[in-house]
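Next comes upload37.txt, a file with compact mmCIF, C-alpha atoms.
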```txt
# COMPACT_ATOMS: atom_id res chain seq x y z
CA MET A 1 -13.48 8.77 -46.25
CA ASN A 2 -12.49 8.95 -49.90
CA ILE A 3 -13.84 5.74 -51.40
CA LEU A 4 -13.05 4.29 -54.82
CA PHE A 5 -15.57 1.81 -56.22
CA LEU A 6 -14.72 -0.31 -59.27
CA THR A 7 -17.50 -2.16 -61.07
CA LEU A 8 -18.61 -3.51 -64.44
CA VAL A 9 -22.15 -2.20 -63.87
CA LYS A 10 -22.62 1.15 -65.61
CA ILE A 11 -23.32 3.77 -62.94
CA ASP A 12 -23.73 7.44 -63.80
CA SER A 13 -26.18 8.48 -61.08
CA LEU A 14 -27.19 7.36 -57.60
CA ARG A 15 -30.81 8.26 -58.30
CA GLN A 16 -31.26 4.87 -59.92
CA ARG A 17 -31.90 1.59 -58.11
CA GLY A 18 -29.73 -1.51 -58.09
CA ILE A 19 -27.53 -3.42 -55.66
CA TYR A 20 -24.47 -1.23 -56.33
CA HIS A 21 -26.42 2.02 -56.69
CA ASP A 22 -28.10 1.34 -53.34
CA LEU A 23 -24.83 0.47 -51.61
CA MET A 24 -23.03 3.55 -52.89
CA ARG A 25 -26.02 5.72 -52.00
CA GLU A 26 -25.78 4.40 -48.43
CA PHE A 27 -22.13 5.52 -48.28
CA SER A 28 -23.11 8.86 -49.79
CA LYS A 29 -25.86 9.38 -47.20
CA HIS A 30 -23.25 9.04 -44.45
CA GLY A 31 -21.10 11.80 -45.91
CA HIS A 32 -18.32 9.82 -47.61
CA HIS A 33 -16.74 11.10 -50.82
CA LEU A 34 -17.30 8.56 -53.59
CA TYR A 35 -15.36 8.01 -56.80
CA ILE A 36 -17.15 5.43 -58.94
CA ILE A 37 -15.49 3.96 -62.03
CA SER A 38 -17.59 1.89 -64.41
CA PRO A 39 -17.50 1.05 -68.12
CA SER A 40 -18.99 2.89 -71.05
CA GLU A 41 -19.09 -0.04 -73.45
CA ARG A 42 -18.16 0.16 -77.11
CA ARG A 43 -21.76 -0.36 -78.24
CA GLU A 44 -22.73 2.92 -76.52
CA LYS A 45 -20.37 4.89 -78.80
CA LEU A 46 -19.46 7.30 -76.00
CA LYS A 47 -16.13 8.72 -74.92
CA THR A 48 -14.76 8.51 -71.38
CA SER A 49 -16.61 11.06 -69.24
CA LEU A 50 -16.52 12.46 -65.71
CA LYS A 51 -19.50 13.98 -63.91
CA ALA A 52 -20.37 14.93 -60.34
CA GLU A 53 -23.52 14.51 -58.28
CA GLY A 54 -23.30 15.83 -54.71
CA ASN A 55 -20.40 14.11 -52.96
CA THR A 56 -20.04 11.51 -55.73
CA LYS A 57 -17.98 11.55 -58.92
CA PHE A 58 -18.76 9.16 -61.77
CA LEU A 59 -16.02 8.20 -64.19
CA ASN A 60 -17.44 6.20 -67.11
CA VAL A 61 -14.48 4.72 -68.97
CA LYS A 62 -14.69 3.78 -72.63
CA THR A 63 -14.11 0.00 -72.94
CA LEU A 64 -14.85 -2.90 -75.25
CA ASN A 65 -18.19 -4.66 -74.82
CA ILE A 66 -18.00 -6.81 -71.71
CA GLN A 67 -21.60 -7.55 -70.73
CA LYS A 68 -24.02 -9.58 -72.84
CA THR A 69 -21.58 -10.17 -75.66
CA ASN A 70 -19.88 -13.21 -77.18
CA PHE A 71 -17.30 -15.13 -75.16
CA ILE A 72 -14.34 -14.01 -77.29
CA GLU A 73 -15.03 -10.27 -76.92
CA LYS A 74 -15.89 -10.78 -73.26
CA GLY A 75 -12.51 -12.47 -72.77
CA PHE A 76 -10.58 -9.67 -74.48
CA SER A 77 -12.54 -7.06 -72.54
CA THR A 78 -11.77 -8.80 -69.25
CA LEU A 79 -8.06 -8.82 -70.10
CA LEU A 80 -7.97 -5.15 -71.13
CA ILE A 81 -10.34 -3.47 -68.70
CA GLU A 82 -7.74 -3.05 -65.94
CA LYS A 83 -5.53 -1.15 -68.40
CA PHE A 84 -8.42 1.19 -69.27
CA PHE A 85 -9.38 1.75 -65.63
CA SER A 86 -5.77 2.26 -64.46
CA LYS A 87 -5.14 4.87 -67.12
CA ALA A 88 -8.36 6.66 -66.14
CA VAL A 89 -7.51 6.67 -62.41
CA LYS A 90 -4.07 8.15 -63.06
CA LYS A 91 -5.52 10.80 -65.38
CA TYR A 92 -8.64 11.90 -63.50
CA PHE A 93 -7.98 10.98 -59.84
CA ALA A 94 -4.21 11.44 -59.55
CA ASP A 95 -4.59 13.99 -56.73
CA VAL A 96 -7.10 11.94 -54.69
CA LYS A 97 -5.84 9.92 -51.73
CA PHE A 98 -8.19 6.97 -51.26
CA ASP A 99 -8.93 5.51 -47.84
CA LEU A 100 -10.89 2.52 -49.10
CA VAL A 101 -11.18 0.63 -52.39
CA ILE A 102 -14.32 -1.46 -52.95
CA TYR A 103 -14.58 -3.71 -56.01
CA SER A 104 -16.86 -6.48 -57.19
CA THR A 105 -16.36 -9.60 -59.27
CA PRO A 106 -16.57 -9.94 -62.15
CA PRO A 107 -13.89 -9.14 -63.21
CA ILE A 108 -10.93 -10.57 -61.29
CA THR A 109 -8.39 -8.57 -63.30
CA PHE A 110 -8.17 -5.38 -61.21
CA THR A 111 -5.33 -6.79 -59.12
CA ASN A 112 -2.53 -4.49 -60.29
CA LEU A 113 -4.71 -1.39 -60.05
CA ILE A 114 -5.75 -2.28 -56.50
CA LYS A 115 -2.12 -3.02 -55.54
CA TYR A 116 -1.10 0.35 -56.95
CA ILE A 117 -3.69 2.31 -54.94
CA LYS A 118 -3.12 0.24 -51.81
CA LYS A 119 0.61 0.95 -51.93
CA ARG A 120 0.27 4.60 -52.98
CA ASP A 121 -2.43 5.58 -50.48
CA LYS A 122 -2.16 2.84 -47.84
CA ALA A 123 -5.82 2.21 -48.58
CA LYS A 124 -7.94 -0.61 -47.18
CA THR A 125 -9.47 -3.00 -49.72
CA TYR A 126 -12.82 -4.81 -49.76
CA LEU A 127 -13.89 -7.41 -52.33
CA LEU A 128 -17.58 -8.01 -53.00
CA LEU A 129 -17.39 -11.56 -54.34
CA LYS A 130 -20.41 -11.90 -56.64
CA ASP A 131 -18.97 -14.41 -59.08
CA ILE A 132 -16.29 -17.10 -58.72
CA PHE A 133 -14.23 -17.02 -61.90
CA PRO A 134 -12.65 -18.88 -63.71
CA GLN A 135 -14.37 -21.91 -62.14
CA ASN A 136 -17.77 -20.79 -63.41
CA ALA A 137 -16.39 -20.79 -66.97
CA VAL A 138 -15.04 -24.31 -66.40
CA ASP A 139 -18.45 -25.42 -65.11
CA MET A 140 -20.09 -24.07 -68.27
CA LYS A 141 -17.40 -25.82 -70.37
CA LEU A 142 -16.27 -22.51 -71.85
CA ILE A 143 -12.65 -23.17 -70.88
CA SER A 144 -10.65 -26.18 -69.69
CA ASP A 145 -9.24 -26.30 -66.19
CA HIS A 146 -5.96 -27.55 -67.68
CA GLY A 147 -5.46 -24.74 -70.20
CA ILE A 148 -3.26 -21.65 -70.29
CA LEU A 149 -6.29 -19.34 -70.04
CA TYR A 150 -7.54 -21.05 -66.90
CA ASN A 151 -4.13 -20.91 -65.23
CA TYR A 152 -3.78 -17.21 -66.06
CA PHE A 153 -7.15 -16.30 -64.59
CA ARG A 154 -6.76 -18.65 -61.63
CA ASN A 155 -3.52 -16.88 -60.69
CA LYS A 156 -5.31 -13.53 -61.03
CA GLU A 157 -8.07 -14.83 -58.75
CA LYS A 158 -5.56 -15.91 -56.09
CA GLN A 159 -3.81 -12.52 -56.28
CA LEU A 160 -7.16 -10.73 -55.90
CA TYR A 161 -8.02 -12.70 -52.76
CA ASN A 162 -4.55 -12.08 -51.39
CA ILE A 163 -4.61 -8.29 -51.96
CA SER A 164 -8.10 -7.96 -50.41
CA ASP A 165 -8.23 -7.08 -46.72
CA LYS A 166 -11.75 -8.50 -46.53
CA ILE A 167 -13.88 -10.66 -48.83
CA GLY A 168 -17.65 -10.24 -48.67
CA CYS A 169 -19.24 -13.51 -49.82
CA MET A 170 -22.82 -14.09 -50.90
CA SER A 171 -23.62 -16.91 -48.48
CA ARG A 172 -22.18 -19.53 -46.15
CA ALA A 173 -21.76 -21.93 -49.09
CA ASN A 174 -19.73 -19.25 -50.87
CA ILE A 175 -17.41 -18.85 -47.90
CA ASN A 176 -16.94 -22.60 -47.61
CA PHE A 177 -16.14 -22.89 -51.32
CA VAL A 178 -13.61 -20.06 -51.30
CA LEU A 179 -11.80 -21.32 -48.19
CA LYS A 180 -11.77 -24.93 -49.40
CA HIS A 181 -10.22 -24.05 -52.76
CA ASN A 182 -7.94 -21.32 -51.39
CA PRO A 183 -6.52 -22.75 -48.15
CA LYS A 184 -3.98 -19.91 -47.82
CA ILE A 185 -6.82 -17.46 -47.09
CA SER A 186 -7.33 -16.94 -43.36
CA GLN A 187 -10.84 -17.80 -42.22
CA ASP A 188 -11.44 -14.37 -40.69
CA LYS A 189 -10.83 -12.68 -44.05
CA ALA A 190 -14.13 -13.94 -45.49
CA GLU A 191 -17.56 -12.87 -44.22
CA ILE A 192 -21.14 -13.09 -45.44
CA ASN A 193 -22.06 -9.83 -47.17
CA PRO A 194 -24.73 -10.67 -49.76
CA ASN A 195 -26.48 -8.65 -52.42
CA SER A 196 -28.48 -6.01 -50.59
CA ILE A 197 -30.91 -3.21 -51.37
CA GLU A 198 -32.47 -0.16 -49.83
CA VAL A 199 -35.92 -1.52 -49.08
CA GLN A 200 -38.65 0.68 -50.50
CA ASN A 201 -42.02 1.16 -48.86
CA PHE A 202 -44.02 0.37 -51.96
CA LYS A 203 -47.72 1.01 -51.96
CA GLU A 204 -49.27 -2.28 -52.97
CA LEU A 205 -51.29 -2.12 -56.16
CA THR A 206 -55.05 -2.37 -55.85
CA LEU A 207 -56.91 -5.25 -57.51
CA GLN A 208 -58.10 -2.83 -60.17
CA GLU A 209 -54.56 -1.60 -60.88
CA LYS A 210 -53.30 -5.17 -61.10
CA SER A 211 -56.13 -6.05 -63.48
CA GLU A 212 -55.30 -3.10 -65.73
CA ILE A 213 -51.62 -4.03 -65.92
CA ARG A 214 -52.48 -7.67 -66.62
CA LYS A 215 -54.86 -6.62 -69.38
CA LYS A 216 -52.18 -4.34 -70.87
CA PHE A 217 -49.76 -7.26 -71.17
CA LYS A 218 -52.52 -9.77 -72.03
CA ILE A 219 -51.92 -11.82 -68.91
CA PRO A 220 -55.04 -13.79 -67.86
CA LEU A 221 -56.65 -12.44 -64.70
CA ASN A 222 -57.45 -15.79 -63.09
CA LYS A 223 -54.31 -17.87 -63.62
CA LYS A 224 -51.43 -18.50 -61.25
CA THR A 225 -48.65 -16.55 -62.94
CA PHE A 226 -44.95 -17.39 -62.71
CA ILE A 227 -42.39 -14.77 -63.74
CA TYR A 228 -38.73 -15.03 -64.68
CA GLY A 229 -36.85 -11.78 -65.13
CA GLY A 230 -33.16 -11.31 -65.84
CA ASN A 231 -30.27 -12.68 -67.82
CA LEU A 232 -31.02 -15.45 -70.30
CA GLY A 233 -27.60 -17.04 -70.71
CA LYS A 234 -25.98 -20.42 -70.32
CA PRO A 235 -25.52 -20.06 -66.52
CA GLN A 236 -29.30 -19.85 -66.15
CA GLY A 237 -29.83 -23.33 -67.59
CA VAL A 238 -32.22 -22.07 -70.26
CA ASP A 239 -32.71 -25.61 -71.60
CA PHE A 240 -34.44 -26.55 -68.34
CA LEU A 241 -36.54 -23.39 -68.50
CA ILE A 242 -37.70 -24.42 -71.98
CA GLU A 243 -38.32 -27.97 -70.74
CA THR A 244 -40.51 -26.52 -67.98
CA LEU A 245 -42.49 -24.37 -70.44
CA ASN A 246 -42.92 -27.38 -72.70
CA LEU A 247 -44.12 -29.54 -69.82
CA LYS A 248 -46.86 -27.08 -68.91
CA ILE A 249 -47.78 -25.90 -72.41
CA ASN A 250 -51.30 -27.34 -72.11
CA ASP A 251 -51.92 -26.41 -68.46
CA ASN A 252 -54.78 -23.92 -68.59
CA ASP A 253 -54.48 -22.99 -64.91
CA ILE A 254 -51.03 -21.38 -65.07
CA PHE A 255 -49.24 -18.68 -67.04
CA PHE A 256 -45.56 -17.85 -67.53
CA VAL A 257 -43.96 -14.43 -68.02
CA ILE A 258 -40.35 -14.58 -69.26
CA ILE A 259 -38.45 -11.27 -69.52
CA GLY A 260 -34.80 -10.72 -70.25
CA SER A 261 -31.89 -10.72 -72.64
CA GLY A 262 -28.72 -12.71 -73.12
CA THR A 263 -26.93 -15.23 -75.26
CA GLU A 264 -29.74 -17.82 -75.01
CA TYR A 265 -32.56 -15.39 -75.84
CA GLU A 266 -32.90 -16.68 -79.40
CA LYS A 267 -33.17 -20.28 -78.19
CA ILE A 268 -36.34 -19.41 -76.25
CA GLU A 269 -37.61 -17.24 -79.10
CA LYS A 270 -37.28 -20.16 -81.55
CA TRP A 271 -39.20 -22.42 -79.15
CA ILE A 272 -41.95 -19.79 -78.86
CA ILE A 273 -42.22 -19.41 -82.66
CA LYS A 274 -42.31 -23.16 -83.19
CA ASN A 275 -44.80 -24.06 -80.44
CA ILE A 276 -46.95 -20.89 -80.19
CA PRO A 277 -47.79 -21.47 -76.49
CA LYS A 278 -50.95 -19.77 -75.25
CA ASN A 279 -49.75 -19.60 -71.64
CA VAL A 280 -46.39 -17.84 -72.14
CA LEU A 281 -45.58 -14.13 -72.48
CA PHE A 282 -42.01 -13.63 -73.74
CA LEU A 283 -40.55 -10.12 -73.65
CA PRO A 284 -37.11 -8.53 -74.10
CA ALA A 285 -35.59 -6.71 -71.12
CA LEU A 286 -37.75 -3.85 -69.84
CA PRO A 287 -36.86 -0.59 -68.07
CA LYS A 288 -36.70 -1.30 -64.32
CA LYS A 289 -39.77 0.76 -63.45
CA GLU A 290 -41.93 -1.08 -65.98
CA TYR A 291 -40.45 -4.42 -64.96
CA ASP A 292 -41.24 -3.72 -61.30
CA TYR A 293 -44.88 -3.05 -62.17
CA LEU A 294 -45.06 -6.32 -64.05
CA VAL A 295 -43.50 -8.27 -61.17
CA GLN A 296 -46.16 -6.92 -58.81
CA VAL A 297 -49.01 -8.42 -60.81
CA CYS A 298 -47.47 -11.89 -60.96
CA ASP A 299 -47.66 -14.55 -58.26
CA VAL A 300 -44.43 -16.57 -58.09
CA GLY A 301 -40.85 -15.57 -58.96
CA LEU A 302 -38.67 -18.06 -60.84
CA ILE A 303 -34.93 -18.61 -60.45
CA PHE A 304 -33.00 -20.92 -62.78
CA LEU A 305 -29.38 -22.05 -62.44
CA HIS A 306 -27.49 -24.49 -64.66
CA LYS A 307 -27.30 -27.95 -63.11
CA GLU A 308 -23.55 -28.31 -63.82
CA PHE A 309 -22.42 -25.50 -61.52
CA THR A 310 -19.96 -26.48 -58.81
CA ILE A 311 -19.75 -22.89 -57.53
CA PRO A 312 -22.55 -21.71 -55.21
CA ASN A 313 -24.31 -18.93 -57.15
CA TYR A 314 -26.78 -16.62 -55.41
CA PRO A 315 -28.68 -14.61 -58.08
CA SER A 316 -29.62 -11.02 -57.23
CA ARG A 317 -33.04 -11.37 -58.90
CA LEU A 318 -34.16 -13.05 -55.67
CA LEU A 319 -34.29 -9.61 -54.04
CA SER A 320 -36.75 -8.09 -56.51
CA TYR A 321 -39.11 -11.00 -55.84
CA LEU A 322 -38.81 -10.71 -52.07
CA GLU A 323 -39.24 -6.95 -52.19
CA PHE A 324 -42.70 -7.37 -53.69
CA LYS A 325 -43.63 -10.12 -51.21
CA MET A 326 -43.42 -12.80 -53.87
CA PRO A 327 -42.93 -16.51 -53.13
CA VAL A 328 -40.05 -18.05 -55.07
CA LEU A 329 -39.55 -21.25 -57.02
CA ALA A 330 -35.85 -21.98 -57.55
CA ALA A 331 -34.37 -24.61 -59.88
CA THR A 332 -30.73 -24.88 -58.83
CA ASP A 333 -27.59 -26.99 -58.91
CA LYS A 334 -26.68 -29.06 -55.86
CA ASN A 335 -23.94 -26.74 -54.57
CA THR A 336 -25.71 -23.43 -53.99
CA ASP A 337 -27.60 -22.72 -50.79
CA ILE A 338 -30.10 -20.26 -52.24
CA GLY A 339 -32.68 -23.02 -52.59
CA SER A 340 -32.27 -24.29 -49.04
CA ASP A 341 -32.40 -20.69 -47.74
CA ILE A 342 -35.72 -20.17 -49.56
CA VAL A 343 -37.18 -23.38 -48.12
CA GLU A 344 -35.85 -22.80 -44.58
CA ASN A 345 -37.35 -19.31 -44.54
CA LYS A 346 -40.66 -20.72 -45.76
CA CYS A 347 -40.90 -18.31 -48.65
CA GLY A 348 -40.91 -20.74 -51.54
CA LEU A 349 -39.91 -24.08 -52.99
CA SER A 350 -36.68 -25.43 -54.45
CA VAL A 351 -35.96 -28.20 -56.96
CA TYR A 352 -32.85 -29.52 -58.64
CA SER A 353 -32.31 -28.15 -62.12
CA GLY A 354 -32.89 -30.96 -64.60
CA SER A 355 -35.47 -32.79 -62.49
CA ILE A 356 -38.66 -32.16 -64.44
CA GLU A 357 -40.63 -34.37 -62.03
CA GLU A 358 -39.68 -32.14 -59.09
CA MET A 359 -40.49 -29.02 -61.11
CA ASN A 360 -43.88 -30.38 -62.10
CA TYR A 361 -44.68 -31.18 -58.46
CA ALA A 362 -43.56 -27.73 -57.29
CA ILE A 363 -45.62 -25.85 -59.90
CA ASN A 364 -48.67 -27.94 -59.07
CA THR A 365 -48.11 -27.27 -55.36
CA PHE A 366 -48.28 -23.53 -55.99
CA LYS A 367 -51.28 -23.97 -58.25
CA LEU A 368 -53.25 -25.88 -55.61
CA MET A 369 -52.07 -23.89 -52.59
CA SER A 370 -54.75 -22.24 -50.46
CA GLN A 371 -54.92 -18.45 -50.46
CA LEU A 372 -54.22 -18.40 -46.71
CA GLU A 373 -51.03 -20.47 -47.11
CA PHE A 374 -49.96 -18.40 -50.13
CA GLU A 375 -50.39 -15.11 -48.21
CA LYS A 376 -48.33 -16.48 -45.33
CA MET A 377 -45.56 -17.35 -47.79
CA ARG A 378 -45.72 -13.80 -49.15
CA GLU A 379 -45.17 -12.35 -45.68
CA ASN A 380 -42.29 -14.77 -45.11
CA SER A 381 -40.67 -13.55 -48.33
CA PHE A 382 -40.63 -9.95 -47.19
CA ASN A 383 -39.38 -10.93 -43.73
CA PHE A 384 -36.54 -12.90 -45.35
CA LEU A 385 -35.55 -9.73 -47.20
CA LEU A 386 -35.68 -7.53 -44.10
CA LYS A 387 -33.67 -10.01 -42.06
CA ASN A 388 -30.85 -10.69 -44.52
CA PHE A 389 -30.57 -8.26 -47.43
CA GLN A 390 -30.77 -4.65 -46.21
CA VAL A 391 -28.11 -2.34 -47.61
CA TYR A 392 -27.39 -0.66 -44.27
CA GLU A 393 -26.08 -3.97 -42.93
CA SER A 394 -23.73 -4.30 -45.91
CA TYR A 395 -22.53 -0.74 -45.33
CA ILE A 396 -21.80 -1.41 -41.64
CA LYS A 397 -19.88 -4.60 -42.44
CA ILE A 398 -17.66 -2.79 -44.93
CA LEU A 399 -17.17 0.11 -42.52
CA ASN A 400 -16.20 -2.27 -39.70
CA SER A 401 -13.60 -3.90 -41.93
CA VAL A 402 -11.61 -0.68 -42.16
CA SER A 403 -11.98 0.48 -38.56
```
Let me see the file written as structure tokens.
Amino acid sequence: MNILFLTLVKIDSLRQRGIYHDLMREFSKHGHHLYIISPSERREKLKTSLKAEGNTKFLNVKTLNIQKTNFIEKGFSTLLIEKFFSKAVKKYFADVKFDLVIYSTPPITFTNLIKYIKKRDKAKTYLLLKDIFPQNAVDMKLISDHGILYNYFRNKEKQLYNISDKIGCMSRANINFVLKHNPKISQDKAEINPNSIEVQNFKELTLQEKSEIRKKFKIPLNKKTFIYGGNLGKPQGVDFLIETLNLKINDNDIFFVIIGSGTEYEKIEKWIIKNIPKNVLFLPALPKKEYDYLVQVCDVGLIFLHKEFTIPNYPSRLLSYLEFKMPVLAATDKNTDIGSDIVENKCGLSVYSGSIEEMNYAINTFKLMSQLEFEKMRENSFNFLLKNFQVYESYIKILNSVS
């Protein structure tokens, strides 16, 4: 098939790793012809470019900044990106007849482009629903659910669901939310198709290798180490992360590694400067290879979600923890099912974001856990990954939707 993939994640090679890189590589491995359109953001100072790699073409379209920028620019970018992508499709891929269009949220503003290709080529359409917008912006009090902006984006969201032949949702809670708030969608249109990866057969680091990496980053060798890696924005409930660090600032048996970037980065940085904690390592975002090494020498992976969310988020950082057989501690809102999935699969603990008593108990539970119990939890983590998040399964589900 000729497959068009639209995404906000910059992709210019399938040699890299990531949930979308892995998925597209799976399609490529099965002989499909891929046409991937992704942004080249203003900060990169690059023009629109087209390159080929095997049976895949990458069209990086010059856009405004849309990731990790202020809300105003993000809003303008979201409004304009369809215009940029549509113009690029008509210029560079005018002679390509697409059989399938795959697209992920965010954004929800590709509706007219998808309608155009669907009508022109009689293509099938598949939505990978990674984010439920504009409700997430309402939850974070960035917009009002009675305003013009909300109504505009809500109509776009409804149109996107309507034009999609199939909607791949992150979890059962996601499906339930979408169907409840969009009763016109038929139940068989939505299916569970979560973030997925091509599982790597990593050679586990030796004790000596782990010690060397810990020494390099000045992480104590004998402390239970908790790591958070990823976006540091309002959706992550950074205030509760800081509250957790503050709670355990004098606990000499544990250590925290916080890595990432985002709009709330400076808030953590100011806390670090003011309190000078001896049991926290705070780093900006690292290249994936270096980050993966650091994850492997830590003990427990952290997930934080803002307590005010009504939409059921399912962060992709879970997969990098599971891939390295890492137990997980999740602090979540009461609507997502990522925490209950972690507990039911016996690969970690879950608390409600904002409950510092629950967080304290969970951290202490990990700290006092026997090595035998901890190793069993590690095995359960990897089994959870193998059972639910392999990219081949995502590929088959998408393929079945067009057959």
Report the closest atom pair, with its distance in Å rounded to one decimal, for each residue of segment 118-216 of chain A that has an atom no farther than 12 Å from segment 224-243 of chain A; count all atoms listed in the file, sort by chain and then rising residue number, and write it as a Markdown table.
```
| residue | atom | partner | partner_atom | distance |
| --- | --- | --- | --- | --- |
| A:Asp131 | CA | A:Pro235 | CA | 11.4 |
| A:Asn136 | CA | A:Pro235 | CA | 8.4 |
| A:Ala137 | CA | A:Pro235 | CA | 9.2 |
| A:Val138 | CA | A:Pro235 | CA | 11.3 |
| A:Asp139 | CA | A:Pro235 | CA | 9.0 |
| A:Met140 | CA | A:Pro235 | CA | 7.0 |
| A:Lys141 | CA | A:Lys234 | CA | 10.1 |
| A:Leu142 | CA | A:Lys234 | CA | 10.0 |
| A:Arg214 | CA | A:Thr225 | CA | 10.3 |
```
Which protein, DNA or RNA residues have an atom at most 9 Å from (-10.5, -7.4, -71.2), counting all atoms listed in the file? List them as a count of residues only. 17
What does the distance between atom CA of Ile192 of chain A and atom CA of Ile175 of chain A come to in Å, to one decimal place?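 Answer for the atom CA of Ile192 of chain A to atom CA of Ile175 of chain A separation: 7.3 Å.
Comparing the minimum interatomic distances between Lys189 of chain A and each of A:Ser164, A:Gln390, A:Ser104, A:Asn112, counting only C-alpha atoms, we find that A:Ser164 sits nearest.
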Suppose you want the space between atom CA of Leu6 of chain A and atom CA of Leu128 of chain A; what is it in Å?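 Atom CA of Leu128 of chain A lies 10.3 Å from atom CA of Leu6 of chain A.
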Minimum-distance residue to Ser261 of chain A, chosen among A:Ser13, A:Gln67, A:Asn60, A:Ser401 (using only C-alpha atoms):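 Closest to Ser261 of chain A of all the choices is A:Gln67.
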Listing only residues of segment 265-314 of chain A within 8 Å of segment 327-331 of chain A, what is the closest atom pair and its distance in Å (to one decimal) for each, using only C-alpha atoms, sorted by chain and residue number ascending, as CSV?
```
residue,atom,partner,partner_atom,distance
A:Asp299,CA,A:Pro327,CA,7.2
A:Val300,CA,A:Pro327,CA,5.2
A:Gly301,CA,A:Val328,CA,4.7
A:Leu302,CA,A:Leu329,CA,5.1
A:Ile303,CA,A:Ala330,CA,4.5
A:Phe304,CA,A:Ala331,CA,4.9
A:Leu305,CA,A:Ala331,CA,6.2
```
Nearest residue to Asn2 of chain A from the set A:Lys184, A:Lys223, A:His32, A:Lys325 (distances using all atoms listed in the file): A:His32
Go ahead and compute the interatomic distance for atom CA of Cys347 of chain A and atom CA of Asp292 of chain A, in Å to one decimal.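 Interatomic distance, atom CA of Cys347 of chain A to atom CA of Asp292 of chain A: 19.3 Å.
Nearest residue to Gly18 of chain A among A:Thr56, A:Ser196, A:Ser38, A:Asn162 is A:Ser196, counting all atoms listed in the file.
Of the listed residues (A:Tyr352, A:Tyr103, A:Phe255, A:Phe85), A:Tyr103 comes nearest to Met24 of chain A; the distances count only C-alpha atoms.
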Within 12 Å of segment 117-121 of chain A, counting all atoms listed in the file, which residues qualify if same-chain residues fewer than 2 places away don't, as a ChimeraX atom specification? /A:2-5,86,89-90,93-102,110-115,123-126,163-165
Hey, which bits of segment 176-294 of chain A sit within 12 Å of segment 336-340 of chain A, and for each residue what's the closest pair of atoms and how far apart in Å (one decimal), counting only C-alpha atoms, rows by chain and increasing number, as a tab-separated table?
```
residue	atom	partner	partner_atom	distance
A:Asn176	CA	A:Thr336	CA	10.9
A:Phe177	CA	A:Thr336	CA	10.0
A:Pro194	CA	A:Ile338	CA	11.3
```
From the set A:His181, A:Lys210, A:Lys130, A:His306, which residue has the shortest atom-to-atom contact distance to Cys169 of chain A, counting all atoms listed in the file?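 Using all atoms listed in the file, Cys169 of chain A sits closest to A:Lys130.
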Counting only C-alpha atoms, which residues have an atom no more than 6 Å from (-5.7, -17.7, -50.7) in the file's coordinates? Please list them as a PyMOL selection string. chain A and resi 158+161-162+182-185
Could the residues in this selection be saved with C-alpha atoms as a tab-separated table (two decimals), in the coordinates of the input?
```tsv
chain	number	residue	atom	x	y	z
A	158	LYS	CA	-5.56	-15.91	-56.09
A	161	TYR	CA	-8.02	-12.70	-52.76
A	162	ASN	CA	-4.55	-12.08	-51.39
A	182	ASN	CA	-7.94	-21.32	-51.39
A	183	PRO	CA	-6.52	-22.75	-48.15
A	184	LYS	CA	-3.98	-19.91	-47.82
A	185	ILE	CA	-6.82	-17.46	-47.09
```
Need to verify the contact set: Tyr395 of chain A, 8 Å, only C-alpha atoms, exclusion of same-chain residues closer than 5 positions in sequence. Can you return it as a PyMOL selection string? chain A and resi 23+26-27
